[in-house]
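The block underneath contains the structure these notes are about, expressed in structure tokens.
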Amino acid sequence: MTETLMTVIVVTFGGMMITAAIAVLFVRDLLSAIIITGFVSLSASVMFLLMDAPDVAITEASIGAVLATMIFLWGRGKIGGDG
Amino acid sequence: MSTAFYWSIAGTAAGLVLVGLWGILTRKHILRIALAFTLADTGVNLLLVWSGYLPGRTAPIVDGTISASGITSAVVDPLPQAMVLTSIVIGVAVAALFVVVGVLASRRTGSADVRRMKELRW
Amino acid sequence: MIRTLTGLIIVLVLGAVAAAVIPEMQMREELQGVGYSYVSRGMDDTGSSNLVTAVIVAYRGLDTLGEVVVLFCASTAVVLILTLYPIGIKASEPSRVVAFTAKVLPAPILLFGVYFIAHSHISPGGGFPGGTVIASVFLLVMLGSSSVPDGRGRLPAIESLAGLSFGLLGFWGIMTVGQFLNNAFLGTGTPGTIVSGGLIPLISIAIGAKVASEFSGVFKAFRNTGGTV
């Protein structure tokens, strides 16, 4: 993979991650906020992969995008309400 | 070109930490605070792995393409990656504890608003 | 409003500090210090092709043992809180899509997780990601069934056994060569083959079983106390 392509990918994902992180704080629906957090974790896993850390990328993808999201969804089911 | 790649990762990581911190300080819903905590966690992990990244090298896994003699100039630093690997698992366990305690506190006060959880203050 | 502004000011100050500090972390050209010696000696010391696993399990094995204890405390606290203060909402029926997926996908995902654990010393993977993948299989099966697990089961036994075997593998080193968690006394084998790396595959299995049973226990407690997960 060329360096230009890697830079483009990182800049794109970085911009999306920051935007999504701000959206987590301001989006009205809690369900959307949880899903967006999962997206940030998945993008972080792409960044780990580009930084030559495949072990960390696998762990982040399986934990950040699956287990953490499920835990938050459980909490949303128990608390309910938006805010 | 490699410097743009390098510094944009650091910027993203620092930005995630700051946004997460801002969320922890300003949000009111307890689950939203937990989400912001997770964001800051992700940012810290990114920053740690970034600190061990060396441009133009490959992952610290030895295969046929790396000779045993030239390995120290061929792979990135494995130490921050090992630290972050354990940190991610700890992070999600702590987030689970956070959510459970938050759920119970909101049951007890009847609201998920942290301003009403006076029992948690001291 | 005042809250938002105060938070914004604090974060902006911290951002200024970060913007001043992070550029000081100059881009390195060479490995230094501990990382250099881990990379240069890792293959000969441990026989593991994956240097990250070598650091986690062999060089920093004691740290990993402590970290597993932290994980144990967190998951025990979750299960304990949910057992003492049941929340009590009834579990709902799974939809047909989820029920079908939970019949088809568990076997391949389980195989994937076991592969991660078994090949942790020669390819990316390890006890932590493998254990979480196996726990996600457990979660999927649980989501696909309408019944709620009762309080019994062998998860605590598996968890205790895995933790105990991690400690005993460490003490094995004391018995043979007088060093806790010594990796190489069994011989390290040829790097790149499945039987290599000394104790690393065994400890990876212990870590994987422990992580999988802990997260499965957390999700079981979630399900027991009611709700869709």
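As shown in the structure tokens, the chain order sets the letters A, B, ...; within each chain, residues go from 1, and ligands are also counted from 1 in the order they appear.
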### Message
Please list as a VMD selection string every residue within 7 Å of segment 46-51 of chain B, counting only C-alpha atoms and excluding residues in the same chain fewer than 2 positions away.
### Response
chain B and resid 10 13 42 to 44 53 80 to 81 84
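Within 6 Å of chain C, counting only C-alpha atoms, chain B contributes Trp22, Leu25, Thr26, Pro60, Ile61, Val62, Thr72, Asp77, Pro78, Leu79, Ala82, Ala93 and Leu97 of chain B.
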Write the residues of the selection above to a file with N, CA and C atoms, as a PDB file, in the first residue's frame.
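In the end it all went to selection00.pdb:
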ATOM      1  N   TRP B  22     -14.413  16.056  27.595  1.00  0.00           N
ATOM      2  CA  TRP B  22     -15.465  17.079  27.565  1.00  0.00           C
ATOM      3  C   TRP B  22     -16.825  16.442  27.852  1.00  0.00           C
ATOM      4  N   LEU B  25     -17.247  15.641  31.449  1.00  0.00           N
ATOM      5  CA  LEU B  25     -17.467  16.819  32.300  1.00  0.00           C
ATOM      6  C   LEU B  25     -18.843  17.419  32.110  1.00  0.00           C
ATOM      7  N   THR B  26     -19.410  17.349  30.907  1.00  0.00           N
ATOM      8  CA  THR B  26     -20.592  18.162  30.647  1.00  0.00           C
ATOM      9  C   THR B  26     -21.885  17.379  30.478  1.00  0.00           C
ATOM     10  N   PRO B  60       5.408  -6.538  14.414  1.00  0.00           N
ATOM     11  CA  PRO B  60       6.414  -7.334  15.136  1.00  0.00           C
ATOM     12  C   PRO B  60       6.102  -8.816  15.138  1.00  0.00           C
ATOM     13  N   ILE B  61       5.901  -9.376  13.973  1.00  0.00           N
ATOM     14  CA  ILE B  61       5.672 -10.810  13.848  1.00  0.00           C
ATOM     15  C   ILE B  61       6.672 -11.332  12.827  1.00  0.00           C
ATOM     16  N   VAL B  62       7.503 -12.243  13.246  1.00  0.00           N
ATOM     17  CA  VAL B  62       8.606 -12.688  12.405  1.00  0.00           C
ATOM     18  C   VAL B  62       8.094 -13.732  11.425  1.00  0.00           C
ATOM     19  N   THR B  72      16.006  -5.833  14.170  1.00  0.00           N
ATOM     20  CA  THR B  72      15.820  -4.615  14.964  1.00  0.00           C
ATOM     21  C   THR B  72      15.585  -3.388  14.093  1.00  0.00           C
ATOM     22  N   ASP B  77       7.892  -1.215  17.550  1.00  0.00           N
ATOM     23  CA  ASP B  77       8.114  -1.538  18.965  1.00  0.00           C
ATOM     24  C   ASP B  77       6.964  -2.403  19.492  1.00  0.00           C
ATOM     25  N   PRO B  78       7.213  -3.625  19.957  1.00  0.00           N
ATOM     26  CA  PRO B  78       6.100  -4.473  20.420  1.00  0.00           C
ATOM     27  C   PRO B  78       5.604  -4.115  21.815  1.00  0.00           C
ATOM     28  N   LEU B  79       6.381  -3.363  22.588  1.00  0.00           N
ATOM     29  CA  LEU B  79       6.023  -3.143  23.993  1.00  0.00           C
ATOM     30  C   LEU B  79       4.736  -2.337  24.169  1.00  0.00           C
ATOM     31  N   ALA B  82       1.729  -4.496  23.386  1.00  0.00           N
ATOM     32  CA  ALA B  82       1.374  -5.463  24.422  1.00  0.00           C
ATOM     33  C   ALA B  82       0.617  -4.778  25.555  1.00  0.00           C
ATOM     34  N   ALA B  93     -13.981  -4.153  30.674  1.00  0.00           N
ATOM     35  CA  ALA B  93     -14.478  -4.680  31.951  1.00  0.00           C
ATOM     36  C   ALA B  93     -14.878  -3.534  32.866  1.00  0.00           C
ATOM     37  N   LEU B  97     -18.612  -2.482  34.465  1.00  0.00           N
ATOM     38  CA  LEU B  97     -18.865  -2.134  35.869  1.00  0.00           C
ATOM     39  C   LEU B  97     -19.537  -0.765  35.971  1.00  0.00           C
TER      40      LEU B  97
END
### Task
Fewer than 5 positions away in the same chain doesn't count, so skip those; otherwise give me all residues within 7 Å of Ile18 of chain A, counting only C-alpha atoms, as a PyMOL selection string.
chain B and resi 12+15-16
### Task
Pick out the chain A residues within 12 Å of chain C. Count only C-alpha atoms. Give them as an MDAnalysis selection string.
chainID A and resid 25 49 52:80
### Query
What is the atom CA of Phe48 of chain A to atom CA of Ala59 of chain B distance in Å?
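Computing it gives 10.6 Å between the two atoms.
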Could you find all residues in segment 13-97 of chain B that DSSP calls alpha helix (DSSP H) from the backbone, and write them as a PDB file with N, CA and C atoms, in the first residue's frame?
ATOM      1  N   ALA B  13      -5.941  10.882  17.959  1.00  0.00           N
ATOM      2  CA  ALA B  13      -5.949  10.298  19.303  1.00  0.00           C
ATOM      3  C   ALA B  13      -6.164  11.381  20.353  1.00  0.00           C
ATOM      4  N   ALA B  14      -5.411  12.493  20.233  1.00  0.00           N
ATOM      5  CA  ALA B  14      -5.559  13.564  21.216  1.00  0.00           C
ATOM      6  C   ALA B  14      -6.965  14.157  21.161  1.00  0.00           C
ATOM      7  N   GLY B  15      -7.500  14.292  19.932  1.00  0.00           N
ATOM      8  CA  GLY B  15      -8.856  14.818  19.792  1.00  0.00           C
ATOM      9  C   GLY B  15      -9.878  13.926  20.461  1.00  0.00           C
ATOM     10  N   LEU B  16      -9.723  12.612  20.311  1.00  0.00           N
ATOM     11  CA  LEU B  16     -10.662  11.679  20.955  1.00  0.00           C
ATOM     12  C   LEU B  16     -10.597  11.804  22.474  1.00  0.00           C
ATOM     13  N   VAL B  17      -9.379  11.911  23.003  1.00  0.00           N
ATOM     14  CA  VAL B  17      -9.245  12.044  24.460  1.00  0.00           C
ATOM     15  C   VAL B  17      -9.947  13.311  24.937  1.00  0.00           C
ATOM     16  N   LEU B  18      -9.722  14.414  24.209  1.00  0.00           N
ATOM     17  CA  LEU B  18     -10.306  15.686  24.648  1.00  0.00           C
ATOM     18  C   LEU B  18     -11.823  15.665  24.534  1.00  0.00           C
ATOM     19  N   VAL B  19     -12.347  15.118  23.426  1.00  0.00           N
ATOM     20  CA  VAL B  19     -13.807  15.058  23.276  1.00  0.00           C
ATOM     21  C   VAL B  19     -14.417  14.182  24.359  1.00  0.00           C
ATOM     22  N   GLY B  20     -13.746  13.039  24.644  1.00  0.00           N
ATOM     23  CA  GLY B  20     -14.252  12.167  25.686  1.00  0.00           C
ATOM     24  C   GLY B  20     -14.257  12.850  27.040  1.00  0.00           C
ATOM     25  N   LEU B  21     -13.207  13.585  27.320  1.00  0.00           N
ATOM     26  CA  LEU B  21     -13.114  14.310  28.594  1.00  0.00           C
ATOM     27  C   LEU B  21     -14.197  15.369  28.697  1.00  0.00           C
ATOM     28  N   TRP B  22     -14.413  16.056  27.595  1.00  0.00           N
ATOM     29  CA  TRP B  22     -15.465  17.079  27.565  1.00  0.00           C
ATOM     30  C   TRP B  22     -16.825  16.442  27.852  1.00  0.00           C
ATOM     31  N   GLY B  23     -17.047  15.283  27.240  1.00  0.00           N
ATOM     32  CA  GLY B  23     -18.311  14.589  27.479  1.00  0.00           C
ATOM     33  C   GLY B  23     -18.468  14.172  28.928  1.00  0.00           C
ATOM     34  N   ILE B  24     -17.374  13.678  29.535  1.00  0.00           N
ATOM     35  CA  ILE B  24     -17.454  13.269  30.939  1.00  0.00           C
ATOM     36  C   ILE B  24     -17.803  14.470  31.812  1.00  0.00           C
ATOM     37  N   LEU B  25     -17.247  15.641  31.449  1.00  0.00           N
ATOM     38  CA  LEU B  25     -17.467  16.819  32.300  1.00  0.00           C
ATOM     39  C   LEU B  25     -18.843  17.419  32.110  1.00  0.00           C
ATOM     40  N   THR B  26     -19.410  17.349  30.907  1.00  0.00           N
ATOM     41  CA  THR B  26     -20.592  18.162  30.647  1.00  0.00           C
ATOM     42  C   THR B  26     -21.885  17.379  30.478  1.00  0.00           C
ATOM     43  N   ILE B  30     -26.197   9.232  32.539  1.00  0.00           N
ATOM     44  CA  ILE B  30     -25.057   8.445  33.036  1.00  0.00           C
ATOM     45  C   ILE B  30     -24.476   7.550  31.939  1.00  0.00           C
ATOM     46  N   LEU B  31     -25.349   7.024  31.054  1.00  0.00           N
ATOM     47  CA  LEU B  31     -24.824   6.180  29.980  1.00  0.00           C
ATOM     48  C   LEU B  31     -24.028   6.998  28.975  1.00  0.00           C
ATOM     49  N   ARG B  32     -24.441   8.254  28.780  1.00  0.00           N
ATOM     50  CA  ARG B  32     -23.698   9.119  27.866  1.00  0.00           C
ATOM     51  C   ARG B  32     -22.295   9.383  28.427  1.00  0.00           C
ATOM     52  N   ILE B  33     -22.205   9.497  29.745  1.00  0.00           N
ATOM     53  CA  ILE B  33     -20.886   9.670  30.361  1.00  0.00           C
ATOM     54  C   ILE B  33     -20.045   8.410  30.161  1.00  0.00           C
ATOM     55  N   ALA B  34     -20.689   7.245  30.292  1.00  0.00           N
ATOM     56  CA  ALA B  34     -19.948   5.995  30.068  1.00  0.00           C
ATOM     57  C   ALA B  34     -19.451   5.919  28.633  1.00  0.00           C
ATOM     58  N   LEU B  35     -20.277   6.371  27.677  1.00  0.00           N
ATOM     59  CA  LEU B  35     -19.848   6.362  26.272  1.00  0.00           C
ATOM     60  C   LEU B  35     -18.660   7.295  26.076  1.00  0.00           C
ATOM     61  N   ALA B  36     -18.718   8.486  26.692  1.00  0.00           N
ATOM     62  CA  ALA B  36     -17.601   9.424  26.574  1.00  0.00           C
ATOM     63  C   ALA B  36     -16.333   8.845  27.182  1.00  0.00           C
ATOM     64  N   PHE B  37     -16.503   8.108  28.279  1.00  0.00           N
ATOM     65  CA  PHE B  37     -15.365   7.435  28.904  1.00  0.00           C
ATOM     66  C   PHE B  37     -14.737   6.435  27.940  1.00  0.00           C
ATOM     67  N   THR B  38     -15.589   5.682  27.230  1.00  0.00           N
ATOM     68  CA  THR B  38     -15.072   4.729  26.252  1.00  0.00           C
ATOM     69  C   THR B  38     -14.313   5.441  25.135  1.00  0.00           C
ATOM     70  N   LEU B  39     -14.839   6.600  24.700  1.00  0.00           N
ATOM     71  CA  LEU B  39     -14.152   7.354  23.641  1.00  0.00           C
ATOM     72  C   LEU B  39     -12.759   7.780  24.105  1.00  0.00           C
ATOM     73  N   ALA B  40     -12.670   8.320  25.331  1.00  0.00           N
ATOM     74  CA  ALA B  40     -11.370   8.749  25.847  1.00  0.00           C
ATOM     75  C   ALA B  40     -10.422   7.563  25.955  1.00  0.00           C
ATOM     76  N   ASP B  41     -10.958   6.407  26.356  1.00  0.00           N
ATOM     77  CA  ASP B  41     -10.175   5.184  26.452  1.00  0.00           C
ATOM     78  C   ASP B  41      -9.572   4.819  25.099  1.00  0.00           C
ATOM     79  N   THR B  42     -10.419   4.856  24.057  1.00  0.00           N
ATOM     80  CA  THR B  42      -9.936   4.552  22.704  1.00  0.00           C
ATOM     81  C   THR B  42      -8.825   5.508  22.291  1.00  0.00           C
ATOM     82  N   GLY B  43      -9.008   6.802  22.621  1.00  0.00           N
ATOM     83  CA  GLY B  43      -7.997   7.783  22.259  1.00  0.00           C
ATOM     84  C   GLY B  43      -6.668   7.521  22.944  1.00  0.00           C
ATOM     85  N   VAL B  44      -6.717   7.181  24.236  1.00  0.00           N
ATOM     86  CA  VAL B  44      -5.474   6.898  24.966  1.00  0.00           C
ATOM     87  C   VAL B  44      -4.773   5.685  24.367  1.00  0.00           C
ATOM     88  N   ASN B  45      -5.551   4.656  24.022  1.00  0.00           N
ATOM     89  CA  ASN B  45      -4.943   3.468  23.424  1.00  0.00           C
ATOM     90  C   ASN B  45      -4.285   3.799  22.095  1.00  0.00           C
ATOM     91  N   LEU B  46      -4.963   4.616  21.286  1.00  0.00           N
ATOM     92  CA  LEU B  46      -4.375   5.016  20.000  1.00  0.00           C
ATOM     93  C   LEU B  46      -3.062   5.755  20.223  1.00  0.00           C
ATOM     94  N   LEU B  47      -3.041   6.671  21.210  1.00  0.00           N
ATOM     95  CA  LEU B  47      -1.841   7.461  21.460  1.00  0.00           C
ATOM     96  C   LEU B  47      -0.688   6.566  21.913  1.00  0.00           C
ATOM     97  N   LEU B  48      -0.999   5.551  22.733  1.00  0.00           N
ATOM     98  CA  LEU B  48       0.060   4.654  23.208  1.00  0.00           C
ATOM     99  C   LEU B  48       0.652   3.843  22.066  1.00  0.00           C
ATOM    100  N   VAL B  49      -0.215   3.277  21.216  1.00  0.00           N
ATOM    101  CA  VAL B  49       0.312   2.498  20.092  1.00  0.00           C
ATOM    102  C   VAL B  49       1.106   3.406  19.152  1.00  0.00           C
ATOM    103  N   TRP B  50       0.604   4.631  18.972  1.00  0.00           N
ATOM    104  CA  TRP B  50       1.296   5.576  18.106  1.00  0.00           C
ATOM    105  C   TRP B  50       2.700   5.863  18.616  1.00  0.00           C
ATOM    106  N   SER B  51       2.873   5.912  19.949  1.00  0.00           N
ATOM    107  CA  SER B  51       4.189   6.222  20.501  1.00  0.00           C
ATOM    108  C   SER B  51       5.198   5.125  20.184  1.00  0.00           C
ATOM    109  N   PRO B  78       7.213  -3.625  19.957  1.00  0.00           N
ATOM    110  CA  PRO B  78       6.100  -4.473  20.420  1.00  0.00           C
ATOM    111  C   PRO B  78       5.604  -4.115  21.815  1.00  0.00           C
ATOM    112  N   LEU B  79       6.381  -3.363  22.588  1.00  0.00           N
ATOM    113  CA  LEU B  79       6.023  -3.143  23.993  1.00  0.00           C
ATOM    114  C   LEU B  79       4.736  -2.337  24.169  1.00  0.00           C
ATOM    115  N   PRO B  80       4.568  -1.174  23.498  1.00  0.00           N
ATOM    116  CA  PRO B  80       3.301  -0.452  23.665  1.00  0.00           C
ATOM    117  C   PRO B  80       2.102  -1.257  23.176  1.00  0.00           C
ATOM    118  N   GLN B  81       2.308  -2.066  22.136  1.00  0.00           N
ATOM    119  CA  GLN B  81       1.196  -2.881  21.635  1.00  0.00           C
ATOM    120  C   GLN B  81       0.751  -3.886  22.683  1.00  0.00           C
ATOM    121  N   ALA B  82       1.729  -4.496  23.386  1.00  0.00           N
ATOM    122  CA  ALA B  82       1.374  -5.463  24.422  1.00  0.00           C
ATOM    123  C   ALA B  82       0.617  -4.778  25.555  1.00  0.00           C
ATOM    124  N   MET B  83       1.090  -3.585  25.932  1.00  0.00           N
ATOM    125  CA  MET B  83       0.403  -2.848  27.002  1.00  0.00           C
ATOM    126  C   MET B  83      -1.029  -2.519  26.610  1.00  0.00           C
ATOM    127  N   VAL B  84      -1.203  -2.043  25.360  1.00  0.00           N
ATOM    128  CA  VAL B  84      -2.530  -1.615  24.916  1.00  0.00           C
ATOM    129  C   VAL B  84      -3.470  -2.808  24.798  1.00  0.00           C
ATOM    130  N   LEU B  85      -2.938  -3.957  24.400  1.00  0.00           N
ATOM    131  CA  LEU B  85      -3.767  -5.157  24.275  1.00  0.00           C
ATOM    132  C   LEU B  85      -4.448  -5.478  25.602  1.00  0.00           C
ATOM    133  N   THR B  86      -3.669  -5.415  26.691  1.00  0.00           N
ATOM    134  CA  THR B  86      -4.297  -5.670  27.989  1.00  0.00           C
ATOM    135  C   THR B  86      -5.185  -4.507  28.405  1.00  0.00           C
ATOM    136  N   SER B  87      -4.781  -3.291  28.037  1.00  0.00           N
ATOM    137  CA  SER B  87      -5.555  -2.109  28.429  1.00  0.00           C
ATOM    138  C   SER B  87      -6.952  -2.115  27.828  1.00  0.00           C
ATOM    139  N   ILE B  88      -7.097  -2.618  26.599  1.00  0.00           N
ATOM    140  CA  ILE B  88      -8.417  -2.646  25.956  1.00  0.00           C
ATOM    141  C   ILE B  88      -9.353  -3.568  26.730  1.00  0.00           C
ATOM    142  N   VAL B  89      -8.831  -4.750  27.105  1.00  0.00           N
ATOM    143  CA  VAL B  89      -9.676  -5.721  27.815  1.00  0.00           C
ATOM    144  C   VAL B  89     -10.096  -5.161  29.173  1.00  0.00           C
ATOM    145  N   ILE B  90      -9.137  -4.553  29.883  1.00  0.00           N
ATOM    146  CA  ILE B  90      -9.459  -3.925  31.165  1.00  0.00           C
ATOM    147  C   ILE B  90     -10.495  -2.827  30.965  1.00  0.00           C
ATOM    148  N   GLY B  91     -10.324  -2.053  29.870  1.00  0.00           N
ATOM    149  CA  GLY B  91     -11.229  -0.935  29.618  1.00  0.00           C
ATOM    150  C   GLY B  91     -12.667  -1.389  29.492  1.00  0.00           C
ATOM    151  N   VAL B  92     -12.910  -2.484  28.762  1.00  0.00           N
ATOM    152  CA  VAL B  92     -14.293  -2.909  28.578  1.00  0.00           C
ATOM    153  C   VAL B  92     -14.849  -3.514  29.871  1.00  0.00           C
ATOM    154  N   ALA B  93     -13.981  -4.153  30.674  1.00  0.00           N
ATOM    155  CA  ALA B  93     -14.478  -4.680  31.951  1.00  0.00           C
ATOM    156  C   ALA B  93     -14.878  -3.534  32.866  1.00  0.00           C
ATOM    157  N   VAL B  94     -14.066  -2.465  32.880  1.00  0.00           N
ATOM    158  CA  VAL B  94     -14.397  -1.310  33.710  1.00  0.00           C
ATOM    159  C   VAL B  94     -15.652  -0.616  33.194  1.00  0.00           C
ATOM    160  N   ALA B  95     -15.804  -0.574  31.857  1.00  0.00           N
ATOM    161  CA  ALA B  95     -17.019   0.024  31.297  1.00  0.00           C
ATOM    162  C   ALA B  95     -18.249  -0.772  31.702  1.00  0.00           C
ATOM    163  N   ALA B  96     -18.129  -2.117  31.751  1.00  0.00           N
ATOM    164  CA  ALA B  96     -19.259  -2.942  32.179  1.00  0.00           C
ATOM    165  C   ALA B  96     -19.627  -2.636  33.623  1.00  0.00           C
ATOM    166  N   LEU B  97     -18.612  -2.482  34.465  1.00  0.00           N
ATOM    167  CA  LEU B  97     -18.865  -2.134  35.869  1.00  0.00           C
ATOM    168  C   LEU B  97     -19.537  -0.765  35.971  1.00  0.00           C
TER     169      LEU B  97
END
### Task
Run DSSP on the backbone and grab whatever in chain B lands in strand (DSSP E or B); send it over as a list in words.
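DSSP on the backbone gives strand (DSSP E or B) at His29, Thr58, Ile61, Val75 and Asp113 of chain B.
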Go ahead and write the selection's residues with N, CA and C atoms as a JSON list (two decimals), in the first residue's frame.
[["chain", "number", "residue", "atom", "x", "y", "z"],
["B", 29, "HIS", "N", -26.68, 12.48, 31.27],
["B", 29, "HIS", "CA", -27.15, 11.09, 31.29],
["B", 29, "HIS", "C", -25.98, 10.17, 31.61],
["B", 58, "THR", "N", 7.42, -3.07, 9.59],
["B", 58, "THR", "CA", 6.28, -3.99, 9.58],
["B", 58, "THR", "C", 5.91, -4.41, 10.99],
["B", 61, "ILE", "N", 5.90, -9.38, 13.97],
["B", 61, "ILE", "CA", 5.67, -10.81, 13.85],
["B", 61, "ILE", "C", 6.67, -11.33, 12.83],
["B", 75, "VAL", "N", 11.07, -4.08, 12.38],
["B", 75, "VAL", "CA", 9.74, -4.15, 13.00],
["B", 75, "VAL", "C", 9.54, -2.96, 13.92],
["B", 113, "ASP", "N", -30.25, 10.96, 35.44],
["B", 113, "ASP", "CA", -29.55, 12.23, 35.47],
["B", 113, "ASP", "C", -28.55, 12.22, 36.62]]
### Message
Report as a ChimeraX atom specification all protein, DNA and RNA residues lying within 10 Å of segment 157-169 of chain C, evaluated on only C-alpha atoms, omitting residues in the same chain fewer than 3 positions from it.
### Response
/C:61-62,65,68-69,72,153-154,172-174,180-183,199,202-214,217
Applying 12 Å and only C-alpha atoms, which residues near Val8 of chain A remain after dropping the ones on its own chain fewer than 3 positions away? List them as a PDB file with N, CA and C atoms, in the first residue's frame.
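What follows is the written file around03.pdb:
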ATOM      1  N   MET A   1       0.853  -1.197   0.000  1.00  0.00           N
ATOM      2  CA  MET A   1       0.000   0.000   0.000  1.00  0.00           C
ATOM      3  C   MET A   1       0.888   1.246   0.000  1.00  0.00           C
ATOM      4  N   THR A   2       0.579   2.143  -0.887  1.00  0.00           N
ATOM      5  CA  THR A   2       1.437   3.320  -0.972  1.00  0.00           C
ATOM      6  C   THR A   2       1.204   4.238   0.225  1.00  0.00           C
ATOM      7  N   GLU A   3       2.176   5.083   0.469  1.00  0.00           N
ATOM      8  CA  GLU A   3       2.068   5.991   1.610  1.00  0.00           C
ATOM      9  C   GLU A   3       0.969   7.012   1.402  1.00  0.00           C
ATOM     10  N   THR A   4       0.786   7.427   0.144  1.00  0.00           N
ATOM     11  CA  THR A   4      -0.266   8.403  -0.116  1.00  0.00           C
ATOM     12  C   THR A   4      -1.622   7.835   0.242  1.00  0.00           C
ATOM     13  N   LEU A   5      -1.845   6.592  -0.175  1.00  0.00           N
ATOM     14  CA  LEU A   5      -3.135   5.959   0.119  1.00  0.00           C
ATOM     15  C   LEU A   5      -3.324   5.813   1.621  1.00  0.00           C
ATOM     16  N   VAL A  11      -6.366  10.129   7.296  1.00  0.00           N
ATOM     17  CA  VAL A  11      -6.987  11.442   7.446  1.00  0.00           C
ATOM     18  C   VAL A  11      -8.508  11.309   7.376  1.00  0.00           C
ATOM     19  N   THR A  12      -8.995  10.467   6.435  1.00  0.00           N
ATOM     20  CA  THR A  12     -10.444  10.286   6.327  1.00  0.00           C
ATOM     21  C   THR A  12     -11.014   9.696   7.604  1.00  0.00           C
ATOM     22  N   PHE A  13     -10.399   8.598   8.061  1.00  0.00           N
ATOM     23  CA  PHE A  13     -10.929   7.948   9.260  1.00  0.00           C
ATOM     24  C   PHE A  13     -10.771   8.831  10.484  1.00  0.00           C
ATOM     25  N   GLY A  14      -9.653   9.572  10.559  1.00  0.00           N
ATOM     26  CA  GLY A  14      -9.470  10.455  11.709  1.00  0.00           C
ATOM     27  C   GLY A  14     -10.544  11.524  11.766  1.00  0.00           C
ATOM     28  N   GLY A  15     -10.817  12.130  10.603  1.00  0.00           N
ATOM     29  CA  GLY A  15     -11.871  13.137  10.572  1.00  0.00           C
ATOM     30  C   GLY A  15     -13.217  12.553  10.952  1.00  0.00           C
ATOM     31  N   MET A  47      -7.140   2.012  12.271  1.00  0.00           N
ATOM     32  CA  MET A  47      -5.915   2.778  12.521  1.00  0.00           C
ATOM     33  C   MET A  47      -4.831   1.909  13.144  1.00  0.00           C
ATOM     34  N   LEU A  50      -3.235  -0.007  10.438  1.00  0.00           N
ATOM     35  CA  LEU A  50      -2.310   0.785   9.626  1.00  0.00           C
ATOM     36  C   LEU A  50      -1.041   1.108  10.398  1.00  0.00           C
TER      37      LEU A  50
ATOM     38  N   MET B   1       5.674  12.767   3.212  1.00  0.00           N
ATOM     39  CA  MET B   1       4.324  12.197   3.171  1.00  0.00           C
ATOM     40  C   MET B   1       4.069  11.360   4.416  1.00  0.00           C
ATOM     41  N   SER B   2       5.110  10.723   4.849  1.00  0.00           N
ATOM     42  CA  SER B   2       4.959   9.880   6.026  1.00  0.00           C
ATOM     43  C   SER B   2       4.688  10.698   7.282  1.00  0.00           C
ATOM     44  N   ALA B   4       2.756  13.362   7.479  1.00  0.00           N
ATOM     45  CA  ALA B   4       1.317  13.661   7.551  1.00  0.00           C
ATOM     46  C   ALA B   4       0.563  12.482   8.141  1.00  0.00           C
ATOM     47  N   PHE B   5       0.925  11.283   7.689  1.00  0.00           N
ATOM     48  CA  PHE B   5       0.330  10.064   8.243  1.00  0.00           C
ATOM     49  C   PHE B   5       0.553   9.996   9.751  1.00  0.00           C
ATOM     50  N   TYR B   6       1.820  10.241  10.132  1.00  0.00           N
ATOM     51  CA  TYR B   6       2.207  10.111  11.535  1.00  0.00           C
ATOM     52  C   TYR B   6       1.447  11.094  12.419  1.00  0.00           C
ATOM     53  N   SER B   8      -1.245  12.915  11.808  1.00  0.00           N
ATOM     54  CA  SER B   8      -2.708  12.912  11.813  1.00  0.00           C
ATOM     55  C   SER B   8      -3.239  11.843  12.770  1.00  0.00           C
ATOM     56  N   ILE B   9      -2.488  10.760  12.951  1.00  0.00           N
ATOM     57  CA  ILE B   9      -2.913   9.773  13.948  1.00  0.00           C
ATOM     58  C   ILE B   9      -2.838  10.370  15.348  1.00  0.00           C
TER      59      ILE B   9
END
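Closest approach to chain A among B:Thr109, B:Met117, B:Ser67, B:Gly11 is made by B:Gly11 (distances from only C-alpha atoms).
Put simply, atom CA of Arg27 of chain B is 27.2 Å away from atom CA of Ala20 of chain C.
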#### Entry: For atom CA of Gly113 of chain C and atom CA of Val195 of chain C, the interatomic separation in Å (one decimal)
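Going from atom CA of Gly113 of chain C over to atom CA of Val195 of chain C covers 18.5 Å.
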